[in-house]
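Trainee: So I've got this file, final-v2.cif, and it contains mmCIF, C-alpha atoms; chains and numbers go by the auth columns:
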```cif
data_my_file
#
loop_
_atom_site.group_PDB
_atom_site.id
_atom_site.type_symbol
_atom_site.label_atom_id
_atom_site.label_comp_id
_atom_site.label_asym_id
_atom_site.label_seq_id
_atom_site.Cartn_x
_atom_site.Cartn_y
_atom_site.Cartn_z
_atom_site.B_iso_or_equiv
_atom_site.auth_seq_id
_atom_site.auth_asym_id
ATOM 1 C CA MET A 1 -2.605 -9.481 8.145 0.00 33 A
ATOM 2 C CA LYS A 2 -4.376 -10.609 4.979 0.00 34 A
ATOM 3 C CA THR A 3 -3.048 -11.423 1.531 0.00 35 A
ATOM 4 C CA ALA A 4 -4.542 -11.290 -1.947 0.00 36 A
ATOM 5 C CA ASN A 5 -3.397 -13.181 -5.026 0.00 37 A
ATOM 6 C CA ASP A 6 -4.379 -10.474 -7.481 0.00 38 A
ATOM 7 C CA GLY A 7 -5.843 -6.991 -7.816 0.00 39 A
ATOM 8 C CA ASP A 8 -9.447 -8.215 -7.795 0.00 40 A
ATOM 9 C CA GLU A 9 -8.921 -10.003 -4.480 0.00 41 A
ATOM 10 C CA ALA A 10 -7.170 -6.945 -3.044 0.00 42 A
ATOM 11 C CA ILE A 11 -10.122 -4.712 -3.903 0.00 43 A
ATOM 12 C CA ALA A 12 -12.573 -7.260 -2.477 0.00 44 A
ATOM 13 C CA LEU A 13 -10.598 -7.429 0.795 0.00 45 A
ATOM 14 C CA VAL A 14 -10.454 -3.658 1.140 0.00 46 A
ATOM 15 C CA GLU A 15 -14.195 -3.384 0.508 0.00 47 A
ATOM 16 C CA CYS A 16 -15.033 -5.982 3.189 0.00 48 A
ATOM 17 C CA GLU A 17 -12.593 -5.129 5.956 0.00 49 A
ATOM 18 C CA GLN A 18 -10.930 -2.052 7.395 0.00 50 A
ATOM 19 C CA PHE A 19 -7.178 -1.762 6.899 0.00 51 A
ATOM 20 C CA ASP A 20 -4.749 0.957 7.909 0.00 52 A
ATOM 21 C CA LEU A 21 -2.039 -0.029 5.427 0.00 53 A
ATOM 22 C CA ALA A 22 -1.577 -2.045 2.241 0.00 54 A
ATOM 23 C CA VAL A 23 1.559 -3.287 0.519 0.00 55 A
ATOM 24 C CA LEU A 24 0.950 -3.695 -3.211 0.00 56 A
ATOM 25 C CA ASP A 25 3.215 -5.408 -5.721 0.00 57 A
ATOM 26 C CA ILE A 26 3.283 -3.424 -8.952 0.00 58 A
ATOM 27 C CA LYS A 27 3.118 -6.616 -11.048 0.00 59 A
ATOM 28 C CA MET A 28 -0.266 -8.107 -10.095 0.00 60 A
ATOM 29 C CA PRO A 29 -2.501 -10.336 -12.190 0.00 61 A
ATOM 30 C CA ALA A 30 -6.046 -9.283 -13.095 0.00 62 A
ATOM 31 C CA VAL A 31 -6.520 -5.679 -11.968 0.00 63 A
ATOM 32 C CA ASP A 32 -3.372 -3.556 -12.274 0.00 64 A
ATOM 33 C CA SER A 33 -1.785 -2.440 -8.990 0.00 65 A
ATOM 34 C CA PHE A 34 -2.077 1.207 -10.013 0.00 66 A
ATOM 35 C CA GLU A 35 -5.837 0.689 -10.372 0.00 67 A
ATOM 36 C CA VAL A 36 -5.920 -0.869 -6.897 0.00 68 A
ATOM 37 C CA LEU A 37 -3.953 2.106 -5.551 0.00 69 A
ATOM 38 C CA LEU A 38 -6.412 4.537 -7.155 0.00 70 A
ATOM 39 C CA PHE A 39 -9.373 2.581 -5.751 0.00 71 A
ATOM 40 C CA ILE A 40 -7.910 2.600 -2.235 0.00 72 A
ATOM 41 C CA LYS A 41 -7.025 6.289 -2.262 0.00 73 A
ATOM 42 C CA LYS A 42 -10.429 7.261 -3.653 0.00 74 A
ATOM 43 C CA ARG A 43 -12.472 5.193 -1.200 0.00 75 A
ATOM 44 C CA PHE A 44 -10.133 5.209 1.812 0.00 76 A
ATOM 45 C CA PRO A 45 -7.894 8.290 1.518 0.00 77 A
ATOM 46 C CA LEU A 46 -6.327 7.847 4.964 0.00 78 A
ATOM 47 C CA MET A 47 -5.202 4.283 4.254 0.00 79 A
ATOM 48 C CA LYS A 48 -1.444 4.074 3.753 0.00 80 A
ATOM 49 C CA VAL A 49 -0.144 2.298 0.646 0.00 81 A
ATOM 50 C CA ILE A 50 3.384 1.030 0.045 0.00 82 A
ATOM 51 C CA MET A 51 4.206 -0.011 -3.516 0.00 83 A
ATOM 52 C CA LEU A 52 6.705 -2.862 -3.905 0.00 84 A
ATOM 53 C CA THR A 53 8.296 -3.831 -7.194 0.00 85 A
ATOM 54 C CA GLY A 54 11.013 -5.888 -8.787 0.00 86 A
ATOM 55 C CA PHE A 55 11.062 -3.276 -11.517 0.00 87 A
ATOM 56 C CA ALA A 56 12.310 -0.364 -9.424 0.00 88 A
ATOM 57 C CA ASP A 57 12.499 2.282 -12.078 0.00 89 A
ATOM 58 C CA LEU A 58 12.030 5.994 -11.700 0.00 90 A
ATOM 59 C CA MET A 59 8.844 6.080 -13.810 0.00 91 A
ATOM 60 C CA ASN A 60 7.047 3.564 -11.562 0.00 92 A
ATOM 61 C CA ALA A 61 8.131 5.478 -8.467 0.00 93 A
ATOM 62 C CA ILE A 62 6.892 8.780 -9.906 0.00 94 A
ATOM 63 C CA LYS A 63 3.604 7.253 -11.063 0.00 95 A
ATOM 64 C CA SER A 64 3.070 5.617 -7.652 0.00 96 A
ATOM 65 C CA LYS A 65 3.632 8.889 -5.811 0.00 97 A
ATOM 66 C CA LYS A 66 1.392 10.856 -8.198 0.00 98 A
ATOM 67 C CA LEU A 67 -1.404 8.349 -7.643 0.00 99 A
ATOM 68 C CA GLY A 68 -1.094 8.686 -3.863 0.00 100 A
ATOM 69 C CA ALA A 69 1.309 5.966 -2.723 0.00 101 A
ATOM 70 C CA ASP A 70 2.877 6.736 0.619 0.00 102 A
ATOM 71 C CA ASP A 71 6.088 4.858 -0.150 0.00 103 A
ATOM 72 C CA PHE A 72 7.829 2.860 -2.878 0.00 104 A
ATOM 73 C CA LEU A 73 10.371 0.038 -2.437 0.00 105 A
ATOM 74 C CA GLY A 74 12.289 -2.044 -4.936 0.00 106 A
ATOM 75 C CA LYS A 75 12.637 -5.828 -4.645 0.00 107 A
ATOM 76 C CA PRO A 76 14.378 -7.608 -3.290 0.00 108 A
ATOM 77 C CA CYS A 77 13.980 -5.408 -0.281 0.00 109 A
ATOM 78 C CA ASP A 78 15.400 -5.920 3.143 0.00 110 A
ATOM 79 C CA LEU A 79 12.567 -7.086 5.415 0.00 111 A
ATOM 80 C CA HIS A 80 13.893 -4.938 8.252 0.00 112 A
ATOM 81 C CA GLU A 81 13.637 -1.909 5.960 0.00 113 A
ATOM 82 C CA LEU A 82 10.078 -2.838 4.960 0.00 114 A
ATOM 83 C CA PHE A 83 9.027 -3.320 8.585 0.00 115 A
ATOM 84 C CA ALA A 84 10.653 -0.009 9.559 0.00 116 A
ATOM 85 C CA ILE A 85 8.720 1.785 6.815 0.00 117 A
ATOM 86 C CA ILE A 86 5.478 0.098 7.873 0.00 118 A
ATOM 87 C CA GLN A 87 6.111 1.104 11.484 0.00 119 A
ATOM 88 C CA GLN A 88 6.892 4.674 10.416 0.00 120 A
ATOM 89 C CA HIS A 89 3.551 4.936 8.602 0.00 121 A
ATOM 90 C CA MET A 90 1.610 3.278 11.412 0.00 122 A
ATOM 91 C CA GLN A 91 2.858 5.527 14.257 0.00 123 A
ATOM 92 C CA PRO A 92 0.627 8.522 13.393 0.00 124 A
ATOM 93 C CA ILE A 93 -2.388 6.189 13.131 0.00 125 A
ATOM 94 C CA ALA A 94 -1.663 4.681 16.554 0.00 126 A
ATOM 95 C CA LEU A 95 -1.295 8.144 18.093 0.00 127 A
ATOM 96 C CA LEU A 96 -4.575 9.277 16.546 0.00 128 A
ATOM 97 C CA GLU A 97 -6.351 6.200 17.942 0.00 129 A
ATOM 98 C CA LEU A 98 -4.965 6.955 21.410 0.00 130 A
ATOM 99 C CA LYS A 99 -6.242 10.533 21.234 0.00 131 A
ATOM 100 C CA GLU A 100 -9.709 9.351 20.216 0.00 132 A
ATOM 101 C CA ALA A 101 -9.889 6.752 23.019 0.00 133 A
#
```
Rewrite the coordinates I just gave you, this time as structure tokens.

Mentor:
Amino acid sequence: MKTANDGDEAIALVECEQFDLAVLDIKMPAVDSFEVLLFIKKRFPLMKVIMLTGFADLMNAIKSKKLGADDFLGKPCDLHELFAIIQQHMQPIALLELKEA
């Protein structure tokens, strides 16, 4: 697991390493999280992205889904719920890796 302090760092991490899933906070300094989401989905379309926000409004959820987010959670979120959603998105990836092995 890696963390980034802002959108620029997130993009740099994704460019340097391979990730199956990212959790992005909608309120990020520097590069906007929606720009990071667009970057990820353009360059790595199979990468799963979960958007997390303290401003859980319908417009952010709709925008996130339209831009390719795989899920959207409001903060504060229950960590068990977040982990369950991460696990749900990772299962198909794990099965695909087993088939390819």

Trainee: Counting all atoms listed in the file, what are the residues of stretch 69-89 of chain A within 9 Å of stretch 56-59 of chain A, and for each of them which pair of atoms is the nearest and at what distance in Å, to one decimal? Sort the table by chain and rising number, as JSON lines.

Mentor:
```
{"residue": "A:Leu69", "atom": "CA", "partner": "A:Leu56", "partner_atom": "CA", "distance": 7.9}
{"residue": "A:Val81", "atom": "CA", "partner": "A:Leu56", "partner_atom": "CA", "distance": 7.2}
{"residue": "A:Ile82", "atom": "CA", "partner": "A:Leu56", "partner_atom": "CA", "distance": 6.2}
{"residue": "A:Met83", "atom": "CA", "partner": "A:Leu56", "partner_atom": "CA", "distance": 4.9}
{"residue": "A:Leu84", "atom": "CA", "partner": "A:Asp57", "partner_atom": "CA", "distance": 4.7}
{"residue": "A:Thr85", "atom": "CA", "partner": "A:Ile58", "partner_atom": "CA", "distance": 5.3}
{"residue": "A:Gly86", "atom": "CA", "partner": "A:Ile58", "partner_atom": "CA", "distance": 8.1}
{"residue": "A:Phe87", "atom": "CA", "partner": "A:Ile58", "partner_atom": "CA", "distance": 8.2}
```

Trainee: Which residue out of A:His121, A:Lys73, A:Lys80, A:Lys34 has the minimum interatomic distance to A:Asp52 when all atoms listed in the file are used?

Mentor: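 Between A:His121, A:Lys73, A:Lys80, A:Lys34, the residue approaching A:Asp52 most closely is A:Lys80.
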
Trainee: Quick one: of A:Glu113, A:Asp102, A:Glu49, A:Asp89, who's nearest to A:Met33, counting all atoms listed in the file?

Mentor: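 Ranked by minimum distance to A:Met33, first place goes to A:Glu49.
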
Trainee: I'd like the neighbourhood of A:Glu41 as a list in words, where a residue qualifies if any of its atoms comes within 12 Å (using all atoms listed in the file), though same-chain residues fewer than 4 positions away should be ignored.

Mentor: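 Neighbouring residues, sequence-local ones excluded: Lys34, Thr35, Ala36, Asn37, Leu45, Val46, Glu47, Cys48, Leu56, Met60, Pro61, Ala62, Val63, Asp64, Ser65 and Val68 of chain A.
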
Trainee: For the selection you just gave me, I'd like the residues written to a file as a compact mmCIF listing (two decimals), in the coordinates of the input, keeping C-alpha atoms.

Mentor:
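Writing done, so here's part_6.txt:
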```
# COMPACT_ATOMS: atom_id res chain seq x y z
CA LYS A 34 -4.38 -10.61 4.98
CA THR A 35 -3.05 -11.42 1.53
CA ALA A 36 -4.54 -11.29 -1.95
CA ASN A 37 -3.40 -13.18 -5.03
CA LEU A 45 -10.60 -7.43 0.80
CA VAL A 46 -10.45 -3.66 1.14
CA GLU A 47 -14.20 -3.38 0.51
CA CYS A 48 -15.03 -5.98 3.19
CA LEU A 56 0.95 -3.70 -3.21
CA MET A 60 -0.27 -8.11 -10.10
CA PRO A 61 -2.50 -10.34 -12.19
CA ALA A 62 -6.05 -9.28 -13.10
CA VAL A 63 -6.52 -5.68 -11.97
CA ASP A 64 -3.37 -3.56 -12.27
CA SER A 65 -1.78 -2.44 -8.99
CA VAL A 68 -5.92 -0.87 -6.90
```

Trainee: Work out how far apart atom CA of A:Leu90 and atom CA of A:Asp110 are and give it in Å to one decimal.

Mentor: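 Separating atom CA of A:Leu90 from atom CA of A:Asp110 is a distance of 19.3 Å.
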
Trainee: So which residues touch A:Leu70 within 10 Å, counting all atoms listed in the file, skipping near sequence neighbours fewer than 6 positions away, as an mmCIF file with C-alpha atoms, in the coordinates of the input?

Mentor:
```cif
data_model
loop_
_atom_site.group_PDB
_atom_site.id
_atom_site.type_symbol
_atom_site.label_atom_id
_atom_site.label_comp_id
_atom_site.auth_asym_id
_atom_site.auth_seq_id
_atom_site.Cartn_x
_atom_site.Cartn_y
_atom_site.Cartn_z
ATOM 1 C CA PHE A 76 -10.133 5.209 1.812
ATOM 2 C CA PRO A 77 -7.894 8.290 1.518
ATOM 3 C CA SER A 96 3.070 5.617 -7.652
ATOM 4 C CA LEU A 99 -1.404 8.349 -7.643
ATOM 5 C CA GLY A 100 -1.094 8.686 -3.863
ATOM 6 C CA ALA A 101 1.309 5.966 -2.723
#
```

Trainee: Tell me which of A:Met91, A:Asp40, A:Pro108, A:Met122 sits closest to A:Leu53, counting only C-alpha atoms.

Mentor: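 Once distances to A:Leu53 are computed over only C-alpha atoms, the minimum belongs to A:Met122.
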
Trainee: Between A:Asn92, A:Gln50, A:Phe66, A:Ile118, which is the closest to A:Leu78 once you count only C-alpha atoms?

Mentor: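 Ranked by minimum distance to A:Leu78, first place goes to A:Gln50.
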
Trainee: Given the choices A:Met79, A:Ile72, A:Leu105, A:Leu114, which gets closest to A:Ala93 if the distance is worked out from all atoms listed in the file?

Mentor: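 Answer, going by the shortest atom-to-atom distance: A:Leu105.
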
Trainee: Quick check, in Å to one decimal: how far apart do atom CA of A:Gly106 and atom CA of A:Gln120 lie?

Mentor: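 A separation of 17.6 Å between them.
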
Trainee: For atom CA of A:Phe104 and atom CA of A:Glu67, quote the distance in Å rounded to one decimal.

Mentor: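 Taking atom CA of A:Phe104 and atom CA of A:Glu67, their separation equals 15.7 Å.
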
Trainee: The centre and edge lengths of an axis-aligned box containing all atoms of stretch 79-89 of chain A present in the file, extended by 4 Å on each side, are to be given in Å to one decimal, as lines of an AutoDock Vina configuration file.

Mentor:
```
center_x = 3.6
center_y = -0.8
center_z = -3.9
size_x = 25.7
size_y = 18.2
size_z = 24.3
```
